[in-house]
$ cat input11.csv   # CSV, C-alpha atoms
chain,number,residue,atom,x,y,z
A,1,MET,CA,18.0,19.6,66.0
A,2,ALA,CA,19.5,16.1,65.5
A,3,LYS,CA,22.3,15.7,63.0
A,4,ARG,CA,20.2,13.6,60.7
A,5,GLU,CA,17.5,16.2,60.5
A,6,LEU,CA,20.1,18.9,59.9
A,7,LEU,CA,21.6,16.9,57.0
A,8,LEU,CA,18.1,16.4,55.5
A,9,ASP,CA,17.3,20.1,55.9
A,10,ARG,CA,20.6,21.0,54.1
A,11,TRP,CA,19.8,18.7,51.2
A,12,ARG,CA,16.4,20.1,50.8
A,13,THR,CA,17.9,23.6,50.6
A,14,ILE,CA,20.4,22.4,48.0
A,15,GLU,CA,17.6,20.9,45.9
A,16,GLU,CA,15.5,24.1,46.2
A,17,GLU,CA,18.5,26.2,45.1
A,18,GLU,CA,19.2,23.9,42.1
A,19,GLU,CA,15.6,24.2,41.0
A,20,LEU,CA,15.6,28.0,41.6
A,21,HIS,CA,18.7,28.4,39.4
A,22,ALA,CA,17.8,25.8,36.8
A,23,ASP,CA,17.8,28.4,34.1
A,24,ASP,CA,21.2,29.8,35.3
A,25,GLY,CA,23.2,26.7,34.5
A,26,ASP,CA,25.7,28.6,32.5
A,27,ASN,CA,26.5,31.0,35.4
A,28,PRO,CA,29.9,29.8,36.7
A,29,VAL,CA,29.5,31.5,40.1
A,30,ILE,CA,26.2,29.8,40.9
A,31,ARG,CA,27.4,26.5,39.5
A,32,ARG,CA,30.5,26.6,41.6
A,33,ARG,CA,28.6,27.6,44.8
A,34,LEU,CA,26.1,24.7,44.4
A,35,HIS,CA,29.0,22.3,43.7
A,36,LEU,CA,30.7,23.3,46.9
A,37,LEU,CA,27.5,23.0,48.9
A,38,LYS,CA,27.0,19.5,47.6
A,39,GLU,CA,30.6,18.5,48.1
A,40,GLN,CA,30.4,19.5,51.8
A,41,TRP,CA,27.1,17.8,52.2
A,42,PHE,CA,28.5,14.6,50.8
A,43,ALA,CA,31.5,14.7,53.1
A,44,ASP,CA,29.3,15.3,56.2
A,45,THR,CA,26.8,12.6,55.2
A,46,PHE,CA,29.6,10.1,54.7
A,47,LYS,CA,30.9,10.8,58.2
A,48,TYR,CA,27.4,10.5,59.7
A,49,LEU,CA,26.5,7.2,58.0
A,50,ILE,CA,29.8,5.5,58.6
A,51,SER,CA,29.6,6.4,62.3
A,52,LEU,CA,26.1,5.0,62.8
A,53,ALA,CA,25.7,2.2,65.5
A,54,THR,CA,26.0,-1.2,63.9
A,55,GLU,CA,22.4,-2.1,64.7
A,56,GLU,CA,21.2,0.8,62.6
A,57,HIS,CA,21.3,-0.1,58.9
A,58,ILE,CA,22.2,2.5,56.3
A,59,TRP,CA,19.6,1.7,53.7
A,60,CYS,CA,16.6,0.6,55.6
A,61,GLY,CA,17.2,3.3,58.3
A,62,ASN,CA,18.5,6.2,56.2
A,63,PHE,CA,17.1,5.9,52.7
A,64,ASP,CA,16.5,9.6,52.4
A,65,LEU,CA,20.2,10.3,53.1
A,66,MET,CA,21.7,7.4,51.2
A,67,ALA,CA,19.7,7.8,48.0
A,68,PRO,CA,21.2,11.2,47.0
A,69,LEU,CA,24.7,10.0,48.2
A,70,LEU,CA,24.6,7.3,45.5
A,71,GLU,CA,25.7,10.0,43.1
A,72,THR,CA,29.2,9.8,44.6
A,73,PHE,CA,29.6,6.2,43.5
A,74,TYR,CA,30.4,7.4,40.0
A,75,ASN,CA,33.9,7.7,41.3
A,76,TYR,CA,34.1,4.3,42.9
A,77,TYR,CA,36.7,2.8,40.5
A,78,LYS,CA,38.7,6.0,40.5
A,79,ASP,CA,39.0,5.8,44.3
A,80,ASP,CA,41.5,3.1,45.1
A,81,ARG,CA,42.1,4.0,48.8
A,82,LEU,CA,40.6,1.1,50.8
A,83,ASP,CA,40.1,3.5,53.8
A,84,SER,CA,38.3,6.2,51.8
A,85,PRO,CA,34.8,7.2,53.0
A,86,LEU,CA,33.3,5.8,49.8
A,87,ARG,CA,35.0,2.4,50.1
A,88,LEU,CA,34.3,2.2,53.9
A,89,LEU,CA,30.6,3.0,53.3
A,90,TRP,CA,30.3,0.4,50.6
A,91,LYS,CA,32.0,-2.2,52.7
A,92,ARG,CA,29.5,-1.6,55.5
A,93,MET,CA,26.5,-1.5,53.1
A,94,SER,CA,27.6,-4.7,51.5
A,95,GLY,CA,27.7,-6.5,54.9
A,96,GLU,CA,24.3,-5.2,55.8
A,97,MET,CA,22.8,-6.3,52.5
A,98,GLN,CA,24.1,-9.9,53.2
A,99,HIS,CA,21.6,-10.1,56.1
A,100,CYS,CA,18.8,-7.7,55.4
A,101,ILE,CA,16.4,-8.0,52.5
A,102,GLN,CA,14.9,-4.6,53.3
A,103,CYS,CA,18.3,-3.0,52.7
A,104,VAL,CA,18.6,-5.0,49.4
A,105,SER,CA,15.2,-3.7,48.3
A,106,GLN,CA,15.9,-0.1,49.2
A,107,HIS,CA,19.3,-0.2,47.4
A,108,HIS,CA,17.7,-1.3,44.2
A,109,GLN,CA,14.7,1.0,44.6
A,110,ALA,CA,17.0,4.0,44.8
A,111,GLN,CA,18.7,2.9,41.5
A,112,GLU,CA,15.3,2.5,39.8
A,113,MET,CA,14.4,6.0,41.0
A,114,TYR,CA,17.6,7.4,39.4
A,115,ASP,CA,16.8,5.5,36.2
A,116,LYS,CA,13.2,7.0,36.0
A,117,GLU,CA,14.0,10.6,37.1
A,118,TYR,CA,17.1,11.4,35.0
A,119,GLU,CA,18.0,11.2,31.3
A,120,MET,CA,20.0,8.0,30.5
A,121,SER,CA,22.7,10.2,28.8
A,122,SER,CA,23.5,11.8,32.2
A,123,ILE,CA,22.8,9.0,34.6
A,124,GLY,CA,23.9,6.0,32.5
A,125,PRO,CA,27.6,6.0,33.6
A,126,LEU,CA,26.6,6.1,37.3
A,127,LEU,CA,24.1,3.2,36.9
A,128,GLU,CA,26.8,1.2,35.0
A,129,VAL,CA,29.2,1.6,38.0
A,130,LEU,CA,26.5,0.6,40.5
A,131,ARG,CA,25.5,-2.4,38.4
A,132,SER,CA,29.2,-3.5,38.3
A,133,ILE,CA,29.8,-3.2,42.0
A,134,ASP,CA,26.5,-4.9,42.7
A,135,GLU,CA,27.6,-7.8,40.5
A,136,GLU,CA,31.0,-8.0,42.3
A,137,ARG,CA,29.2,-7.9,45.7
A,138,VAL,CA,26.7,-10.6,45.0
A,139,THR,CA,29.3,-12.8,43.3
A,140,HIS,CA,31.6,-12.5,46.3
A,141,HIS,CA,28.8,-13.5,48.7
A,142,LEU,CA,27.8,-16.5,46.5
A,143,ARG,CA,31.4,-17.7,46.4
A,144,GLU,CA,31.6,-17.5,50.2
A,145,ILE,CA,28.4,-19.6,50.6
A,146,ASN,CA,29.4,-22.0,47.9
A,147,ASP,CA,32.8,-22.5,49.5
A,148,ARG,CA,31.3,-23.3,52.8
A,149,LEU,CA,28.9,-25.8,51.2
A,150,LYS,CA,31.7,-27.4,49.3
A,151,LYS,CA,33.8,-27.8,52.4
A,152,GLN,CA,30.7,-29.0,54.4
A,153,GLU,CA,31.2,-26.0,56.7
A,154,TYR,CA,27.7,-24.7,56.1
A,155,ASP,CA,25.9,-23.8,59.3
A,156,PRO,CA,22.1,-23.3,58.9
A,157,LEU,CA,21.9,-21.2,62.0
A,158,ARG,CA,24.7,-18.9,60.9
A,159,ASP,CA,24.3,-18.9,57.1
A,160,ASN,CA,20.5,-19.2,56.6
A,161,VAL,CA,19.9,-15.4,56.7
A,162,GLY,CA,22.6,-14.9,54.1
A,163,VAL,CA,21.1,-17.6,51.8
A,164,VAL,CA,17.6,-16.0,52.1
A,165,SER,CA,19.1,-12.6,51.2
A,166,LEU,CA,21.0,-13.9,48.2
A,167,MET,CA,17.9,-15.8,46.9
A,168,TYR,CA,15.7,-12.8,47.4
A,169,GLU,CA,18.1,-10.4,45.6
A,170,VAL,CA,18.7,-12.5,42.5
A,171,LEU,CA,15.1,-13.7,42.2
A,172,MET,CA,13.7,-10.1,42.6
A,173,PHE,CA,16.4,-8.4,40.4
A,174,PRO,CA,17.2,-11.0,37.7
A,175,VAL,CA,19.2,-8.6,35.6
A,176,LEU,CA,22.1,-9.7,37.9
A,177,LEU,CA,22.2,-13.0,36.1
A,178,ASP,CA,23.6,-11.2,33.0
A,179,ASP,CA,27.0,-11.4,34.8
A,180,GLN,CA,28.8,-14.6,33.8
A,181,SER,CA,30.6,-15.1,37.1
A,182,LEU,CA,27.5,-14.4,39.1
A,183,LEU,CA,25.4,-16.7,36.9
A,184,SER,CA,27.9,-19.6,37.3
A,185,GLU,CA,28.0,-19.3,41.0
A,186,PHE,CA,24.3,-18.9,41.3
A,187,GLU,CA,23.7,-22.2,39.4
A,188,LEU,CA,25.9,-24.0,41.9
A,189,PHE,CA,24.3,-22.2,44.8
A,190,ILE,CA,20.6,-22.9,43.9
A,191,GLU,CA,21.3,-26.6,43.1
A,192,ALA,CA,23.1,-27.1,46.4
A,193,VAL,CA,20.4,-25.2,48.4
A,194,ASP,CA,17.6,-27.1,46.6
A,195,ASN,CA,19.3,-30.4,47.4
A,196,MET,CA,19.3,-29.5,51.1
A,197,HIS,CA,15.8,-27.9,51.5
A,198,GLU,CA,13.8,-28.4,48.2
A,199,LEU,CA,13.2,-24.7,47.6
A,200,ALA,CA,9.7,-23.3,47.9
A,201,LEU,CA,8.3,-19.7,47.9
A,202,SER,CA,6.4,-18.4,50.8
A,203,GLY,CA,3.5,-16.0,50.6
A,204,HIS,CA,2.0,-14.6,47.4
A,205,GLN,CA,4.9,-12.4,46.3
A,206,GLN,CA,6.0,-12.6,42.7
A,207,PHE,CA,9.6,-13.3,42.1
A,208,PRO,CA,10.4,-12.4,38.4
A,209,GLY,CA,13.8,-14.1,38.6
A,210,VAL,CA,12.1,-17.5,38.9
A,211,TYR,CA,11.3,-17.2,35.1
A,212,ALA,CA,15.0,-16.4,34.4
A,213,LEU,CA,15.9,-19.8,35.9
A,214,LEU,CA,14.1,-21.3,32.9
A,215,PHE,CA,17.0,-20.3,30.7
A,216,LEU,CA,19.8,-21.9,32.8
A,217,ASN,CA,21.1,-25.4,33.0
A,218,ARG,CA,18.7,-28.4,33.1
A,219,ARG,CA,18.8,-28.9,36.9
A,220,VAL,CA,18.2,-25.2,37.6
A,221,ARG,CA,15.5,-25.1,34.9
A,222,THR,CA,13.7,-27.9,36.8
A,223,VAL,CA,13.8,-25.9,40.0
A,224,GLY,CA,12.5,-22.8,38.1
A,225,ARG,CA,9.6,-24.7,36.6
A,226,ARG,CA,8.6,-26.0,40.1
A,227,LEU,CA,8.8,-22.5,41.6
A,228,ALA,CA,7.0,-20.9,38.7
A,229,ARG,CA,4.0,-23.3,39.1
A,230,SER,CA,3.6,-22.0,42.6
A,231,MET,CA,3.1,-18.4,41.5
A,232,GLU,CA,0.3,-16.8,39.5
A,233,LYS,CA,0.8,-16.4,35.8
A,234,LEU,CA,2.2,-13.1,34.5
A,235,ARG,CA,-0.8,-11.1,33.4
A,236,GLY,CA,0.6,-8.0,31.6
A,237,ALA,CA,3.7,-6.3,30.2
A,238,THR,CA,4.4,-4.7,33.5
A,239,ASP,CA,5.0,-8.1,35.1
A,240,LEU,CA,7.6,-8.9,32.5
A,241,GLU,CA,9.5,-5.6,33.0
A,242,PRO,CA,12.2,-7.0,35.4
A,243,LEU,CA,13.0,-9.7,32.8
A,244,GLN,CA,13.2,-7.3,29.8
A,245,PRO,CA,17.0,-6.8,29.8
A,246,LEU,CA,17.5,-10.5,29.6
A,247,LEU,CA,14.7,-11.1,27.1
A,248,ASN,CA,16.1,-8.4,24.9
A,249,LYS,CA,19.5,-10.1,24.9
A,250,PHE,CA,18.1,-13.6,24.3
A,251,ILE,CA,15.8,-12.7,21.5
A,252,GLY,CA,18.5,-10.6,19.9
A,253,PHE,CA,20.8,-13.6,20.1
A,254,LEU,CA,18.3,-15.9,18.3
A,255,GLU,CA,18.0,-13.2,15.6
A,256,THR,CA,21.6,-12.4,15.0
A,257,GLU,CA,23.5,-15.3,16.7
A,258,ILE,CA,25.7,-12.6,18.4
A,259,LEU,CA,25.7,-12.0,22.1
A,260,PRO,CA,26.5,-8.5,23.4
A,261,SER,CA,30.1,-7.9,24.5
A,262,ALA,CA,31.3,-7.1,28.0
A,263,SER,CA,30.1,-3.9,29.6
A,264,LYS,CA,32.3,-0.9,30.0
A,265,THR,CA,33.5,-2.2,33.3
A,266,SER,CA,34.8,-5.3,31.6
A,267,ARG,CA,32.9,-7.8,33.6
A,268,PRO,CA,32.1,-10.7,31.2
A,269,ARG,CA,28.4,-11.0,30.2
A,270,ALA,CA,26.5,-14.3,30.5
A,271,GLN,CA,27.0,-16.6,27.6
A,272,LEU,CA,24.1,-19.0,27.0
A,273,GLU,CA,23.7,-21.7,24.3
A,274,ARG,CA,20.9,-21.3,21.8
A,275,LEU,CA,19.3,-24.5,23.0
A,276,SER,CA,19.0,-23.1,26.5
A,277,ILE,CA,17.3,-19.9,25.1
A,278,TRP,CA,14.8,-21.9,23.1
A,279,LEU,CA,13.9,-24.1,26.0
A,280,GLY,CA,13.7,-21.1,28.3
A,281,ILE,CA,11.3,-19.1,26.0
A,282,THR,CA,9.1,-22.2,25.3
A,283,SER,CA,8.9,-22.8,29.1
A,284,LEU,CA,8.2,-19.1,29.8
A,285,LEU,CA,5.3,-19.0,27.4
A,286,GLU,CA,3.5,-21.6,29.7
A,287,PHE,CA,3.5,-19.1,32.5
A,288,LEU,CA,2.2,-16.0,30.6
A,289,GLU,CA,-1.4,-14.9,30.2
A,290,PRO,CA,-2.1,-13.8,26.5
A,291,PRO,CA,-1.9,-10.0,27.3
A,292,ALA,CA,1.5,-10.5,28.9
A,293,PHE,CA,2.8,-12.2,25.8
A,294,GLU,CA,1.2,-9.8,23.3
A,295,GLU,CA,2.2,-6.6,25.1
A,296,GLY,CA,5.5,-7.8,26.7
A,297,ILE,CA,7.0,-9.8,23.9
A,298,LEU,CA,5.2,-9.5,20.5
A,299,GLU,CA,4.7,-5.8,20.6
A,300,ARG,CA,8.1,-5.2,22.1
A,301,TYR,CA,9.9,-7.6,19.8
A,302,PRO,CA,8.0,-7.8,16.5
A,303,ILE,CA,10.8,-9.9,15.0
A,304,PHE,CA,10.1,-12.7,17.5
A,305,PHE,CA,7.3,-14.4,15.5
A,306,ASP,CA,9.4,-14.2,12.4
A,307,ILE,CA,12.4,-15.8,14.2
A,308,VAL,CA,10.2,-18.8,15.2
A,309,LEU,CA,8.8,-19.2,11.6
A,310,ASN,CA,12.3,-18.9,10.1
A,311,HIS,CA,13.5,-21.8,12.2
A,312,ILE,CA,10.5,-23.9,11.1
A,313,SER,CA,11.0,-23.2,7.4
A,314,GLY,CA,14.7,-24.0,7.3
A,315,ASP,CA,17.0,-26.9,8.2
A,316,SER,CA,17.9,-25.4,11.6
A,317,ALA,CA,19.1,-27.7,14.3
A,318,GLU,CA,16.6,-25.9,16.5
A,319,PHE,CA,13.6,-26.9,14.4
A,320,SER,CA,11.9,-29.0,17.1
A,321,HIS,CA,12.2,-26.2,19.6
A,322,ALA,CA,10.8,-23.7,17.2
A,323,VAL,CA,7.8,-26.0,16.6
A,324,SER,CA,7.3,-26.4,20.4
A,325,CYS,CA,7.3,-22.6,20.7
A,326,LEU,CA,4.9,-22.2,17.8
A,327,LYS,CA,2.5,-24.7,19.3
A,328,GLU,CA,2.4,-22.7,22.6
A,329,LEU,CA,1.8,-19.5,20.5
A,330,PHE,CA,-1.2,-21.1,18.8
A,331,LYS,CA,-2.6,-22.3,22.1
A,332,MET,CA,-2.2,-18.9,23.7
A,333,LEU,CA,-3.4,-16.5,20.9
A,334,GLY,CA,-5.3,-18.7,18.5
A,335,CYS,CA,-6.5,-16.9,15.4
A,336,LYS,CA,-5.1,-13.6,16.7
A,337,LEU,CA,-1.6,-15.0,15.9
A,338,TRP,CA,-2.3,-14.7,12.1
A,339,LEU,CA,-2.6,-10.9,12.5
A,340,ARG,CA,1.0,-10.9,13.5
A,341,SER,CA,2.2,-13.1,10.7
A,342,THR,CA,3.3,-12.2,7.1
A,343,LEU,CA,2.5,-15.8,6.1
A,344,SER,CA,-1.0,-17.0,5.2
A,345,PRO,CA,-2.3,-20.2,6.9
A,346,SER,CA,-2.0,-22.0,3.6
A,347,VAL,CA,1.7,-21.0,3.1
A,348,MET,CA,2.5,-22.2,6.6
A,349,ARG,CA,0.6,-25.5,6.1
A,350,ASN,CA,2.6,-26.1,2.9
A,351,THR,CA,5.8,-25.2,4.6
A,352,LEU,CA,5.2,-27.7,7.4
A,353,LEU,CA,4.2,-30.5,5.0
A,354,GLY,CA,7.2,-29.7,2.9
A,355,GLN,CA,9.4,-30.3,5.8
A,356,CYS,CA,8.0,-33.8,6.1
A,357,PHE,CA,8.9,-34.6,2.5
A,358,HIS,CA,12.3,-33.0,3.0
A,359,THR,CA,13.4,-35.3,5.8
A,360,ARG,CA,12.9,-38.8,7.0
A,361,ASN,CA,13.5,-37.9,10.6
A,362,GLU,CA,10.6,-39.5,12.5
A,363,LYS,CA,10.9,-37.0,15.4
A,364,ILE,CA,10.5,-34.1,13.0
A,365,HIS,CA,7.5,-35.8,11.4
A,366,LYS,CA,5.9,-36.2,14.9
A,367,ASP,CA,6.7,-32.6,15.9
A,368,ILE,CA,4.9,-31.4,12.8
A,369,PHE,CA,1.8,-33.5,13.1
A,370,ASP,CA,1.6,-32.6,16.8
A,371,LEU,CA,1.4,-29.0,15.7
A,372,PHE,CA,-1.6,-29.5,13.4
A,373,PRO,CA,-4.4,-29.7,16.1
A,374,PRO,CA,-3.5,-26.2,17.6
A,375,PHE,CA,-2.8,-25.0,14.1
A,376,LEU,CA,-6.2,-25.9,12.8
A,377,GLN,CA,-7.9,-24.6,16.0
A,378,ALA,CA,-6.3,-21.2,15.3
A,379,PHE,CA,-8.3,-20.6,12.1
A,380,PRO,CA,-10.6,-17.7,12.4

$ encode --input "input11.csv" --output "structure tokens"
Amino acid sequence: MAKRELLLDRWRTIEEEEELHADDGDNPVIRRRLHLLKEQWFADTFKYLISLATEEHIWCGNFDLMAPLLETFYNYYKDDRLDSPLRLLWKRMSGEMQHCIQCVSQHHQAQEMYDKEYEMSSIGPLLEVLRSIDEERVTHHLREINDRLKKQEYDPLRDNVGVVSLMYEVLMFPVLLDDQSLLSEFELFIEAVDNMHELALSGHQQFPGVYALLFLNRRVRTVGRRLARSMEKLRGATDLEPLQPLLNKFIGFLETEILPSASKTSRPRAQLERLSIWLGITSLLEFLEPPAFEEGILERYPIFFDIVLNHISGDSAEFSHAVSCLKELFKMLGCKLWLRSTLSPSVMRNTLLGQCFHTRNEKIHKDIFDLFPPFLQAFP
């Protein structure tokens, strides 16, 4: 039997024994025996994967071995030996993911599998480490490409595969953009690449990260809108799922004006201005079907509608953006929107008219009167 099949067979045996003795977790003898079996399996699997021929990728060729081995990455930051099996394996995997989108996809698929199959209380620390080293890896790759572009050393024949891999990973897994260093490098990267090629999406695949671009700087937001128009609208809450970590952060910021602090690994989180968030949300609404907005935003964040209304009834500097957002809500949901509101139509009408008497700003007057057609059409 080949070594790969032997390793798989040994792992199946370990899983069967763990399941068999699930009720004997307090037995120190059994627990110690299983621990030793896993430790030896990890060591042997490290050796096998590191010694693979260079043309055989770890993730897309050995997912069933690599997925359980991810457990060992909990100790990544505790292992400071550059020649340790863990560090050597990660270095090789990182290099392969720079050129293979299937490896990238399998890598993230394994993490999603861990997230679904285990309690967050037990798997959370491991996922935090994996997220941090992924952010380091992608940021490093972005800096390499950006440096070549800046020095005019970019070679399409040599670097194109790396560019495609980077674009694929960030646009498929937009939670990466919550890392400040990665976000800054990606803004530079996508602007430069779009200047060279005018980015376009091939095929009919949905890239959720395209909608995350709507929250970034003006130039990137323009690219995001162009790409979003080439895709189908998001139809349901499931389509919004990859964006939820970012939406949760952005909507929370509009509510409290406080952004979450750095993660436990001390990598700074992305810091966006409120204006960018308002513009991003208003733009995002244009690309959502009503069920996606209702189920993916209103039901998940009941406070969202109140946030919009609060910025309309006050002297907020974001008044015009809140009005634009409310206009999109009326267009999308019509009379159903009143079921989500604690305000009656008459109170909202008086609030809007009151703002006209409160200020002489012509733009605010225009914003308010532009809102009345969709407002009136939303009456049941």

$ residues_around --input "input11.csv" --residues "Gly124 in chain A" --least-positions-apart "3" --cutoff "12 Å" --atoms "only C-alpha atoms" --output "list of chain:residue names"
A:Glu71, A:Tyr74, A:Gln111, A:Glu112, A:Tyr114, A:Asp115, A:Lys116, A:Glu117, A:Tyr118, A:Glu119, A:Met120, A:Ser121, A:Leu127, A:Glu128, A:Val129, A:Leu130, A:Arg131, A:Lys264

$ closest_residue --input "input11.csv" --among "A:Gly95, A:Pro68, A:Gly61, A:Gly252" --to "Lys38 in chain A" --atoms "all atoms listed in the file"
A:Pro68

$ atom_distance --input "input11.csv" --atom1 "CA of Arg31 in chain A" --atom2 "CA of Ile123 in chain A"
18.7 Å

$ residues_around --input "input11.csv" --residues "His204 in chain A" --least-positions-apart "3" --cutoff "9 Å" --atoms "all atoms listed in the file" --output "ChimeraX atom specification"
/A:201,230-232

$ residues_around --input "input11.csv" --residues "range 147-161 of chain A" --least-positions-apart "6" --cutoff "9 Å" --atoms "only C-alpha atoms" --output "list in words"
Gln98, His99, Cys100, Phe189, Ala192 and Val193 of chain A

$ atom_distance --input "input11.csv" --atom1 "CA of Gly334 in chain A" --atom2 "CA of Glu241 in chain A"
24.5 Å

$ residues_near_point --input "input11.csv" --point "(15.8, -29.4, 38.9)" --cutoff "12 Å" --atoms "all atoms listed in the file" --output "list of chain:residue names"
A:Glu187, A:Leu188, A:Ile190, A:Glu191, A:Ala192, A:Val193, A:Asp194, A:Asn195, A:Glu198, A:Leu199, A:Leu213, A:Leu214, A:Leu216, A:Asn217, A:Arg218, A:Arg219, A:Val220, A:Arg221, A:Thr222, A:Val223, A:Gly224, A:Arg225, A:Arg226, A:Leu227

$ closest_residue --input "input11.csv" --among "A:Asp64, A:Glu289, A:Glu185, A:Asp134" --to "Leu329 in chain A" --atoms "all atoms listed in the file"
A:Glu289

$ atom_distance --input "input11.csv" --atom1 "CA of Leu82 in chain A" --atom2 "CA of Arg32 in chain A"
28.9 Å

$ closest_residue --input "input11.csv" --among "A:Leu234, A:Ile14, A:Cys103, A:Leu182" --to "Tyr168 in chain A" --atoms "only C-alpha atoms"
A:Cys103

$ closest_residue --input "input11.csv" --among "A:Leu126, A:Met167, A:Cys325, A:Leu49" --to "Val138 in chain A" --atoms "only C-alpha atoms"
A:Met167

$ residues_near_point --input "input11.csv" --point "(5.2, -9.3, 23.4)" --cutoff "12 Å" --atoms "all atoms listed in the file" --output "PyMOL selection string"
chain A and resi 235-241+244+247-248+251+281+285+288-305+329+333+337+340

$ closest_residue --input "input11.csv" --among "A:Arg92, A:Arg4, A:Lys233, A:His21" --to "Phe287 in chain A" --atoms "all atoms listed in the file"
A:Lys233

$ closest_residue --input "input11.csv" --among "A:Leu166, A:Leu88, A:Leu52, A:Val308" --to "Glu144 in chain A" --atoms "only C-alpha atoms"
A:Leu166

$ residues_around --input "input11.csv" --residues "Ile312 in chain A" --least-positions-apart "6" --cutoff "7 Å" --atoms "only C-alpha atoms" --output "PyMOL selection string"
chain A and resi 319+322-323

$ write_last_selection --input "input11.csv" --atoms "C-alpha atoms" --output "PDB file, in the coordinates of the input"
ATOM      1  CA  PHE A 319      13.600 -26.900  14.400  1.00  0.00           C
ATOM      2  CA  ALA A 322      10.800 -23.700  17.200  1.00  0.00           C
ATOM      3  CA  VAL A 323       7.800 -26.000  16.600  1.00  0.00           C
TER       4      VAL A 323
END
